[in-house]
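K.L.:
model14.cif is the file, holding mmCIF, C-alpha atoms:
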```
data_target
#
loop_
_atom_site.label_atom_id
_atom_site.label_comp_id
_atom_site.auth_asym_id
_atom_site.auth_seq_id
_atom_site.Cartn_x
_atom_site.Cartn_y
_atom_site.Cartn_z
CA MET A 1 109.30 83.78 88.85
CA LYS A 2 109.72 87.38 89.99
CA ILE A 3 107.04 88.79 92.26
CA ALA A 4 106.17 91.66 94.57
CA ILE A 5 104.09 91.27 97.73
CA VAL A 6 101.91 94.07 99.09
CA THR A 7 100.02 93.76 102.38
CA GLY A 8 97.09 96.02 103.20
CA ALA A 9 96.38 96.04 99.47
CA SER A 10 92.60 96.44 99.65
CA ALA A 11 92.55 100.19 100.33
CA GLY A 12 94.45 103.37 101.06
CA ILE A 13 98.22 103.51 100.80
CA GLY A 14 98.54 99.77 100.26
CA ARG A 15 96.29 99.88 97.22
CA GLU A 16 98.21 102.83 95.79
CA PHE A 17 101.45 100.89 96.26
CA VAL A 18 99.95 98.09 94.16
CA TYR A 19 99.31 100.54 91.33
CA ALA A 20 102.75 102.17 91.67
CA VAL A 21 104.58 98.84 91.70
CA ASP A 22 102.52 97.61 88.75
CA ARG A 23 103.50 100.70 86.72
CA GLN A 24 107.17 100.71 87.54
CA GLU A 25 108.26 97.10 87.95
CA ASN A 26 108.44 94.24 85.45
CA LEU A 27 107.10 91.27 87.39
CA ASP A 28 105.50 87.93 86.73
CA GLU A 29 102.98 88.30 89.55
CA LEU A 30 101.77 90.70 92.21
CA TRP A 31 100.70 88.97 95.43
CA VAL A 32 98.20 91.22 97.20
CA ILE A 33 97.24 90.52 100.81
CA ALA A 34 94.27 91.80 102.80
CA ARG A 35 91.12 90.63 104.59
CA ARG A 36 88.61 91.82 101.96
CA GLY A 37 88.77 89.45 99.05
CA GLU A 38 86.38 91.38 96.80
CA ARG A 39 88.66 94.42 96.97
CA LEU A 40 91.64 92.29 96.00
CA GLU A 41 89.76 90.76 93.06
CA GLU A 42 89.11 94.27 91.71
CA LEU A 43 92.86 94.76 91.29
CA LYS A 44 93.00 92.09 88.60
CA GLU A 45 91.24 94.40 86.17
CA LYS A 46 93.30 97.45 87.11
CA CYS A 47 96.84 96.07 86.83
CA ARG A 48 98.87 94.98 83.82
CA THR A 49 100.73 92.48 86.02
CA ALA A 50 99.01 89.23 86.94
CA VAL A 51 97.48 89.66 90.40
CA ARG A 52 97.24 86.84 92.93
CA PRO A 53 94.80 87.71 95.76
CA VAL A 54 95.72 86.26 99.15
CA ILE A 55 92.91 86.70 101.68
CA LEU A 56 94.45 86.85 105.15
CA ASP A 57 93.92 88.61 108.45
CA LEU A 58 97.40 89.58 109.63
CA SER A 59 96.16 90.28 113.15
CA ASP A 60 96.25 86.47 113.40
CA LEU A 61 99.96 85.68 113.31
CA ASN A 62 99.17 82.12 112.25
CA SER A 63 98.42 83.60 108.82
CA LEU A 64 102.16 83.99 108.30
CA GLN A 65 102.35 80.22 107.88
CA THR A 66 100.09 80.50 104.83
CA ILE A 67 102.55 82.86 103.17
CA SER A 68 105.48 80.69 104.18
CA THR A 69 103.84 77.63 102.62
CA MET A 70 103.02 79.49 99.39
CA LEU A 71 106.60 80.70 99.06
CA GLU A 72 108.01 77.24 99.74
CA GLN A 73 105.80 75.79 97.02
CA GLU A 74 106.39 78.50 94.39
CA GLN A 75 110.04 79.36 95.12
CA PRO A 76 109.78 82.88 93.64
CA GLU A 77 112.23 85.75 93.84
CA ILE A 78 110.60 88.53 95.83
CA ARG A 79 111.77 91.69 94.12
CA LEU A 80 109.81 93.91 96.48
CA LEU A 81 107.94 93.41 99.76
CA VAL A 82 105.64 96.27 100.82
CA ASN A 83 104.30 95.98 104.35
CA ALA A 84 101.45 98.50 104.20
CA ALA A 85 98.89 96.73 106.40
CA GLY A 86 98.06 98.56 109.60
CA PHE A 87 95.51 100.54 111.56
CA GLY A 88 95.26 102.77 114.61
CA VAL A 89 93.01 103.30 117.60
CA PHE A 90 92.75 106.94 118.71
CA GLY A 91 91.52 108.11 122.09
CA PRO A 92 92.30 107.59 125.80
CA PHE A 93 94.19 104.33 126.26
CA THR A 94 92.12 103.10 129.23
CA GLU A 95 88.82 103.82 127.46
CA LYS A 96 89.54 102.03 124.19
CA ASP A 97 88.89 98.36 123.57
CA LEU A 98 91.89 96.25 124.57
CA GLU A 99 91.46 93.68 121.81
CA LYS A 100 91.47 96.38 119.12
CA GLN A 101 94.58 97.97 120.55
CA LEU A 102 96.39 94.65 120.72
CA SER A 103 95.33 93.87 117.14
CA SER A 104 96.66 97.26 116.03
CA ALA A 105 100.03 96.60 117.65
CA THR A 106 100.12 93.10 116.15
CA VAL A 107 99.37 94.15 112.58
CA ASN A 108 101.51 97.31 112.66
CA SER A 109 104.64 95.74 114.11
CA LEU A 110 104.60 91.98 114.76
CA ALA A 111 102.98 90.89 111.49
CA LEU A 112 105.31 93.25 109.62
CA THR A 113 108.27 91.67 111.40
CA GLY A 114 107.01 88.21 110.53
CA MET A 115 106.51 89.08 106.87
CA CYS A 116 110.10 90.30 106.63
CA HIS A 117 111.41 87.11 108.24
CA VAL A 118 109.29 84.82 106.06
CA CYS A 119 110.13 86.65 102.82
CA LEU A 120 113.84 87.36 103.19
CA PRO A 121 114.99 83.82 102.27
CA TYR A 122 113.44 84.51 98.83
CA MET A 123 115.21 87.83 98.30
CA LYS A 124 118.67 88.55 96.94
CA GLU A 125 120.93 91.43 95.94
CA GLY A 126 118.94 94.28 94.42
CA ASP A 127 115.64 93.37 96.10
CA SER A 128 113.90 95.68 98.57
CA ILE A 129 111.54 95.91 101.54
CA VAL A 130 109.26 98.90 102.18
CA ASN A 131 107.73 99.14 105.66
CA MET A 132 104.92 101.55 106.50
CA GLY A 133 105.80 103.77 109.42
CA SER A 134 104.24 107.12 110.29
CA ASN A 135 105.08 110.66 111.29
CA SER A 136 103.96 109.43 114.72
CA ALA A 137 107.11 107.29 114.85
CA TRP A 138 109.37 110.18 115.85
CA GLN A 139 107.90 110.96 119.29
CA PRO A 140 105.47 109.57 121.87
CA VAL A 141 101.88 110.45 120.91
CA PRO A 142 99.31 110.69 123.73
CA TYR A 143 95.84 109.51 122.72
CA GLN A 144 97.48 107.51 119.93
CA THR A 145 99.55 105.64 122.48
CA VAL A 146 99.68 102.16 120.94
CA TYR A 147 99.69 103.35 117.34
CA GLY A 148 102.60 105.77 117.85
CA ALA A 149 104.62 103.22 119.79
CA SER A 150 104.05 100.54 117.16
CA LYS A 151 105.25 102.90 114.42
CA SER A 152 108.35 103.82 116.42
CA TYR A 153 109.10 100.11 116.48
CA VAL A 154 108.69 99.92 112.70
CA LEU A 155 111.05 102.85 112.14
CA ASN A 156 113.81 101.46 114.33
CA PHE A 157 113.34 97.89 113.14
CA SER A 158 113.56 99.01 109.51
CA ARG A 159 116.70 101.07 110.03
CA ALA A 160 118.46 98.29 111.91
CA LEU A 161 117.42 95.65 109.38
CA CYS A 162 118.58 97.87 106.52
CA ARG A 163 122.06 98.08 108.05
CA GLU A 164 122.11 94.37 108.78
CA LEU A 165 121.19 93.45 105.20
CA ARG A 166 123.55 95.92 103.54
CA PRO A 167 126.26 93.28 102.86
CA LYS A 168 123.64 91.20 101.01
CA GLY A 169 122.57 94.13 98.83
CA ILE A 170 118.97 94.06 100.09
CA HIS A 171 117.58 97.51 100.90
CA VAL A 172 114.98 98.34 103.56
CA MET A 173 113.11 101.65 103.65
CA CYS A 174 110.58 102.98 106.17
CA VAL A 175 107.82 105.29 104.89
CA CYS A 176 106.83 107.95 107.43
CA PRO A 177 103.98 110.09 106.05
CA GLY A 178 102.04 112.82 107.79
CA TRP A 179 98.25 113.12 107.64
CA ILE A 180 96.84 110.95 104.84
CA ARG A 181 93.14 110.94 103.91
CA THR A 182 92.13 107.26 103.72
CA GLU A 183 89.72 104.80 105.40
CA PHE A 184 92.25 104.75 108.25
CA GLN A 185 90.60 107.81 109.81
CA ALA A 186 87.20 106.14 110.15
CA VAL A 187 88.68 103.05 111.80
CA ALA A 188 90.79 105.14 114.18
CA GLN A 189 87.85 107.47 115.01
CA HIS A 190 90.02 110.33 113.80
CA ASP A 191 87.30 112.98 113.59
CA ARG A 192 86.24 112.37 117.18
CA TYR A 193 89.67 112.95 118.71
CA ILE A 194 91.77 114.95 116.23
CA ARG A 195 90.95 118.67 115.95
CA TYR A 196 94.07 120.06 114.32
CA VAL A 197 95.66 118.87 111.07
CA ASP A 198 98.26 121.10 109.41
CA ARG A 199 97.91 119.52 105.96
CA TRP A 200 96.35 116.51 104.27
CA TYR A 201 98.13 114.42 101.64
CA GLY A 202 96.74 111.75 99.32
CA PRO A 203 97.72 108.07 99.51
CA GLU A 204 98.82 108.13 95.87
CA GLU A 205 101.32 110.91 96.74
CA VAL A 206 102.81 108.75 99.49
CA ALA A 207 103.27 105.76 97.19
CA GLN A 208 104.75 107.84 94.38
CA GLN A 209 107.23 109.56 96.70
CA ALA A 210 108.17 106.26 98.29
CA MET A 211 108.95 104.64 94.94
CA LYS A 212 111.14 107.60 94.00
CA ASP A 213 112.97 107.44 97.32
CA LEU A 214 113.39 103.68 97.02
CA LYS A 215 115.29 104.14 93.76
CA LYS A 216 117.59 106.56 95.61
CA LYS A 217 118.14 103.92 98.32
CA LYS A 218 116.87 106.20 101.06
CA MET A 219 116.43 104.63 104.47
CA VAL A 220 113.38 106.76 105.30
CA SER A 221 110.81 108.28 102.91
CA ILE A 222 108.99 111.44 104.06
CA LEU A 223 106.44 113.18 101.88
CA GLY A 224 106.26 116.97 102.02
CA HIS A 225 108.56 119.75 103.22
CA PRO A 226 106.33 120.63 106.22
CA VAL A 227 106.54 117.06 107.49
CA ARG A 228 110.32 116.98 106.98
CA ARG A 229 110.69 120.23 108.93
CA GLN A 230 108.60 118.85 111.76
CA VAL A 231 110.69 115.68 111.91
CA ARG A 232 113.90 117.69 112.13
CA LEU A 233 112.41 119.96 114.79
CA VAL A 234 111.17 117.29 117.18
CA LYS A 235 114.64 115.72 117.27
CA PHE A 236 115.91 118.79 119.14
CA LEU A 237 112.93 119.58 121.36
CA PRO A 238 112.31 118.03 124.81
CA VAL A 239 109.89 115.12 124.62
CA GLU A 240 107.64 116.63 127.29
CA PHE A 241 107.36 119.85 125.28
CA VAL A 242 106.45 117.95 122.10
CA MET A 243 103.77 115.92 123.87
CA ASN A 244 102.31 118.99 125.58
CA THR A 245 102.19 120.88 122.27
CA TRP A 246 100.39 117.98 120.61
CA CYS A 247 97.84 117.79 123.44
CA ARG A 248 97.14 121.52 123.28
CA GLN A 249 96.65 121.39 119.50
CA GLN A 250 94.09 118.61 119.83
CA GLY A 251 92.29 120.11 122.82
CA PHE A 252 93.36 117.46 125.31
CA GLU A 253 94.01 118.50 128.89
#
```
Represent the structure contained in this file as structure tokens.
P.N.:
Amino acid sequence: MKIAIVTGASAGIGREFVYAVDRQENLDELWVIARRGERLEELKEKCRTAVRPVILDLSDLNSLQTISTMLEQEQPEIRLLVNAAGFGVFGPFTEKDLEKQLSSATVNSLALTGMCHVCLPYMKEGDSIVNMGSNSAWQPVPYQTVYGASKSYVLNFSRALCRELRPKGIHVMCVCPGWIRTEFQAVAQHDRYIRYVDRWYGPEEVAQQAMKDLKKKKMVSILGHPVRRQVRLVKFLPVEFVMNTWCRQQGFE
């Protein structure tokens, strides 16, 4: 049995990845993972591939055992793993709820790491992993402290794992989009803390670009020329300058 697994499949970029994978891949099943079961059930009527909803909260790392058990029982080949689950907490680090910030770091980086480790024994040459990073991965981001750091982890983890798995023919790609209009903003309290956004993109654009870049075996997928220019620029600028510029743009002292 050939399958794809998508986490964070109930909304936003994760949901768009479900649609993109369904259109482009010939699979026996799509395993879709998220907390909201009713959202996952909706996908059954919108995909040509058979959809298997898996209701899990990845902020609880014990949920990884559920996936491990399912894989051991089914023994599928995982053609594609998309780790799209994640969320952010914006605002001053000391003022934001500790539990939410720890959950954000767990889902964004540790659960993603665990999913890769659990799934890789069921992958072989020609199979792929897509990990959701962010444009915040390229520099420290004040007032998105935990979120930015967790995405930097994802970027470096993905690159290193890609190189490590190269002899096995398994490709790993990190997706690093800019500003995407999804439910993410409401959870992160985006409108309360973010005043300047150069350009918005849609989640469907991110998924479509990522699938194109995956076919080209790119290590990092970046949507939009403005975002690519920014990524190149921050590599050469002093970190302090980049952080100060960000703070001025958002009206932080």
K.L.:
Which of these, A:Ala85, A:Cys247, A:Leu64, A:Val220, has the shortest distance to Ser109 in chain A once you count all atoms listed in the file?
P.N.:
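Once distances to Ser109 in chain A are computed over all atoms listed in the file, the minimum belongs to A:Ala85.
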K.L.:
Would you compute the distance between CA of Met1 in chain A and CA of Pro76 in chain A? Give it in Å to one decimal.
P.N.:
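CA of Pro76 in chain A lies 4.9 Å from CA of Met1 in chain A.
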K.L.:
Give me, as a count of residues only, all polymer residues having an atom no more than 9 Å from Arg39 in chain A, counting only C-alpha atoms and skipping those fewer than 5 positions away in the same chain.
P.N.:
4
K.L.:
Given the PyMOL selection byres ((chain A and resi 167-179) around 8) and the file above, list the residues it selects as a PyMOL selection string.
P.N.:
chain A and resi 123-137+154-155+158-159+161-162+164-166+180-181+197+199-201+206+210+214+217-223+227
K.L.:
What separation in Å, quoted to one decimal, exists between CA of Cys119 in chain A and CA of Glu99 in chain A?
P.N.:
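Taking CA of Cys119 in chain A and CA of Glu99 in chain A, their separation equals 27.5 Å.
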K.L.:
Quick check, in Å to one decimal: how far apart do CA of Glu205 in chain A and CA of Lys44 in chain A lie?
P.N.:
22.1 Å
K.L.:
For Val239 in chain A, find every residue with an atom within 12 Å (counting only C-alpha atoms), except residues of its own chain fewer than 6 positions away, and show them as a ChimeraX atom specification.
P.N.:
/A:138-142,233,245-246
K.L.:
Each side padded by 8 Å, which centre and which edge lengths in Å (one decimal) define the axis-aligned box around the listed atoms of range 151-161 of chain A? Give them as AutoDock Vina command-line options.
P.N.:
```
--center_x 111.9 --center_y 99.7 --center_z 112.9 --size_x 29.2 --size_y 24.2 --size_z 23.1
```
K.L.:
I need the residue nearest Val54 in chain A from this list: A:Val242, A:Ala84, A:Ile5, A:Val18. Use only C-alpha atoms for the distance.
P.N.:
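Selected residue with least distance to Val54 in chain A: A:Ile5.
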K.L.:
Return as a list in words the set of residues that the PyMOL selection byres ((chain A and resi 49) around 7) yields on the displayed structure.
P.N.:
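That selection, the PyMOL selection byres ((chain A and resi 49) around 7), comes back as Asp22, Leu27, Asp28, Glu29, Leu30, Cys47, Arg48, Ala50 and Val51 of chain A.
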K.L.:
If I only have part of range 25-52 of chain A, can you fill in N, CA and C atoms and write it as an mmCIF file, in the coordinates of the input?
P.N.:
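out-v6.cif, freshly written:
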```
data_model
loop_
_atom_site.group_PDB
_atom_site.id
_atom_site.type_symbol
_atom_site.label_atom_id
_atom_site.label_comp_id
_atom_site.auth_asym_id
_atom_site.auth_seq_id
_atom_site.Cartn_x
_atom_site.Cartn_y
_atom_site.Cartn_z
ATOM 1 N N GLU A 25 107.467 98.323 87.883
ATOM 2 C CA GLU A 25 108.260 97.100 87.950
ATOM 3 C C GLU A 25 107.805 96.094 86.901
ATOM 4 N N ASN A 26 108.742 95.328 86.376
ATOM 5 C CA ASN A 26 108.440 94.240 85.450
ATOM 6 C C ASN A 26 108.449 92.928 86.243
ATOM 7 N N LEU A 27 107.260 92.424 86.511
ATOM 8 C CA LEU A 27 107.100 91.270 87.390
ATOM 9 C C LEU A 27 106.249 90.205 86.709
ATOM 10 N N ASP A 28 106.370 89.000 87.215
ATOM 11 C CA ASP A 28 105.500 87.930 86.730
ATOM 12 C C ASP A 28 104.171 87.927 87.472
ATOM 13 N N GLU A 29 104.203 88.267 88.765
ATOM 14 C CA GLU A 29 102.980 88.300 89.550
ATOM 15 C C GLU A 29 103.076 89.342 90.660
ATOM 16 N N LEU A 30 101.921 89.852 91.034
ATOM 17 C CA LEU A 30 101.770 90.700 92.210
ATOM 18 C C LEU A 30 100.916 89.928 93.219
ATOM 19 N N TRP A 31 101.483 89.614 94.373
ATOM 20 C CA TRP A 31 100.700 88.970 95.430
ATOM 21 C C TRP A 31 100.152 90.060 96.329
ATOM 22 N N VAL A 32 98.839 90.155 96.415
ATOM 23 C CA VAL A 32 98.200 91.220 97.200
ATOM 24 C C VAL A 32 97.472 90.593 98.381
ATOM 25 N N ILE A 33 97.733 91.118 99.569
ATOM 26 C CA ILE A 33 97.240 90.520 100.810
ATOM 27 C C ILE A 33 96.343 91.494 101.554
ATOM 28 N N ALA A 34 95.181 91.021 101.964
ATOM 29 C CA ALA A 34 94.270 91.800 102.800
ATOM 30 C C ALA A 34 93.133 90.882 103.250
ATOM 31 N N ARG A 35 92.249 91.418 104.091
ATOM 32 C CA ARG A 35 91.120 90.630 104.590
ATOM 33 C C ARG A 35 89.954 90.600 103.593
ATOM 34 N N ARG A 36 89.796 91.683 102.817
ATOM 35 C CA ARG A 36 88.610 91.820 101.960
ATOM 36 C C ARG A 36 88.909 91.306 100.553
ATOM 37 N N GLY A 37 88.464 90.095 100.305
ATOM 38 C CA GLY A 37 88.770 89.450 99.050
ATOM 39 C C GLY A 37 88.201 90.148 97.829
ATOM 40 N N GLU A 38 86.988 90.720 97.962
ATOM 41 C CA GLU A 38 86.380 91.380 96.800
ATOM 42 C C GLU A 38 87.196 92.580 96.363
ATOM 43 N N ARG A 39 87.805 93.275 97.313
ATOM 44 C CA ARG A 39 88.660 94.420 96.970
ATOM 45 C C ARG A 39 89.915 93.949 96.239
ATOM 46 N N LEU A 40 90.446 92.822 96.658
ATOM 47 C CA LEU A 40 91.640 92.290 96.000
ATOM 48 C C LEU A 40 91.321 91.827 94.585
ATOM 49 N N GLU A 41 90.153 91.223 94.394
ATOM 50 C CA GLU A 41 89.760 90.760 93.060
ATOM 51 C C GLU A 41 89.651 91.921 92.084
ATOM 52 N N GLU A 42 89.232 93.090 92.572
ATOM 53 C CA GLU A 42 89.110 94.270 91.710
ATOM 54 C C GLU A 42 90.444 94.662 91.078
ATOM 55 N N LEU A 43 91.536 94.367 91.773
ATOM 56 C CA LEU A 43 92.860 94.760 91.290
ATOM 57 C C LEU A 43 93.255 94.011 90.011
ATOM 58 N N LYS A 44 92.660 92.862 89.795
ATOM 59 C CA LYS A 44 93.000 92.090 88.600
ATOM 60 C C LYS A 44 92.702 92.868 87.319
ATOM 61 N N GLU A 45 91.645 93.661 87.355
ATOM 62 C CA GLU A 45 91.240 94.400 86.170
ATOM 63 C C GLU A 45 91.946 95.754 86.049
ATOM 64 N N LYS A 46 92.682 96.129 87.088
ATOM 65 C CA LYS A 46 93.300 97.450 87.110
ATOM 66 C C LYS A 46 94.823 97.407 86.983
ATOM 67 N N CYS A 47 95.382 96.212 86.897
ATOM 68 C CA CYS A 47 96.840 96.070 86.830
ATOM 69 C C CYS A 47 97.235 95.306 85.567
ATOM 70 N N ARG A 48 98.367 95.698 84.995
ATOM 71 C CA ARG A 48 98.870 94.980 83.820
ATOM 72 C C ARG A 48 99.566 93.687 84.240
ATOM 73 N N THR A 49 100.088 93.670 85.473
ATOM 74 C CA THR A 49 100.730 92.480 86.020
ATOM 75 C C THR A 49 99.674 91.501 86.527
ATOM 76 N N ALA A 50 99.922 90.228 86.391
ATOM 77 C CA ALA A 50 99.010 89.230 86.940
ATOM 78 C C ALA A 50 98.925 89.389 88.453
ATOM 79 N N VAL A 51 97.709 89.431 88.976
ATOM 80 C CA VAL A 51 97.480 89.660 90.400
ATOM 81 C C VAL A 51 97.014 88.367 91.059
ATOM 82 N N ARG A 52 97.658 88.007 92.166
ATOM 83 C CA ARG A 52 97.240 86.840 92.930
ATOM 84 C C ARG A 52 96.685 87.316 94.285
#
```
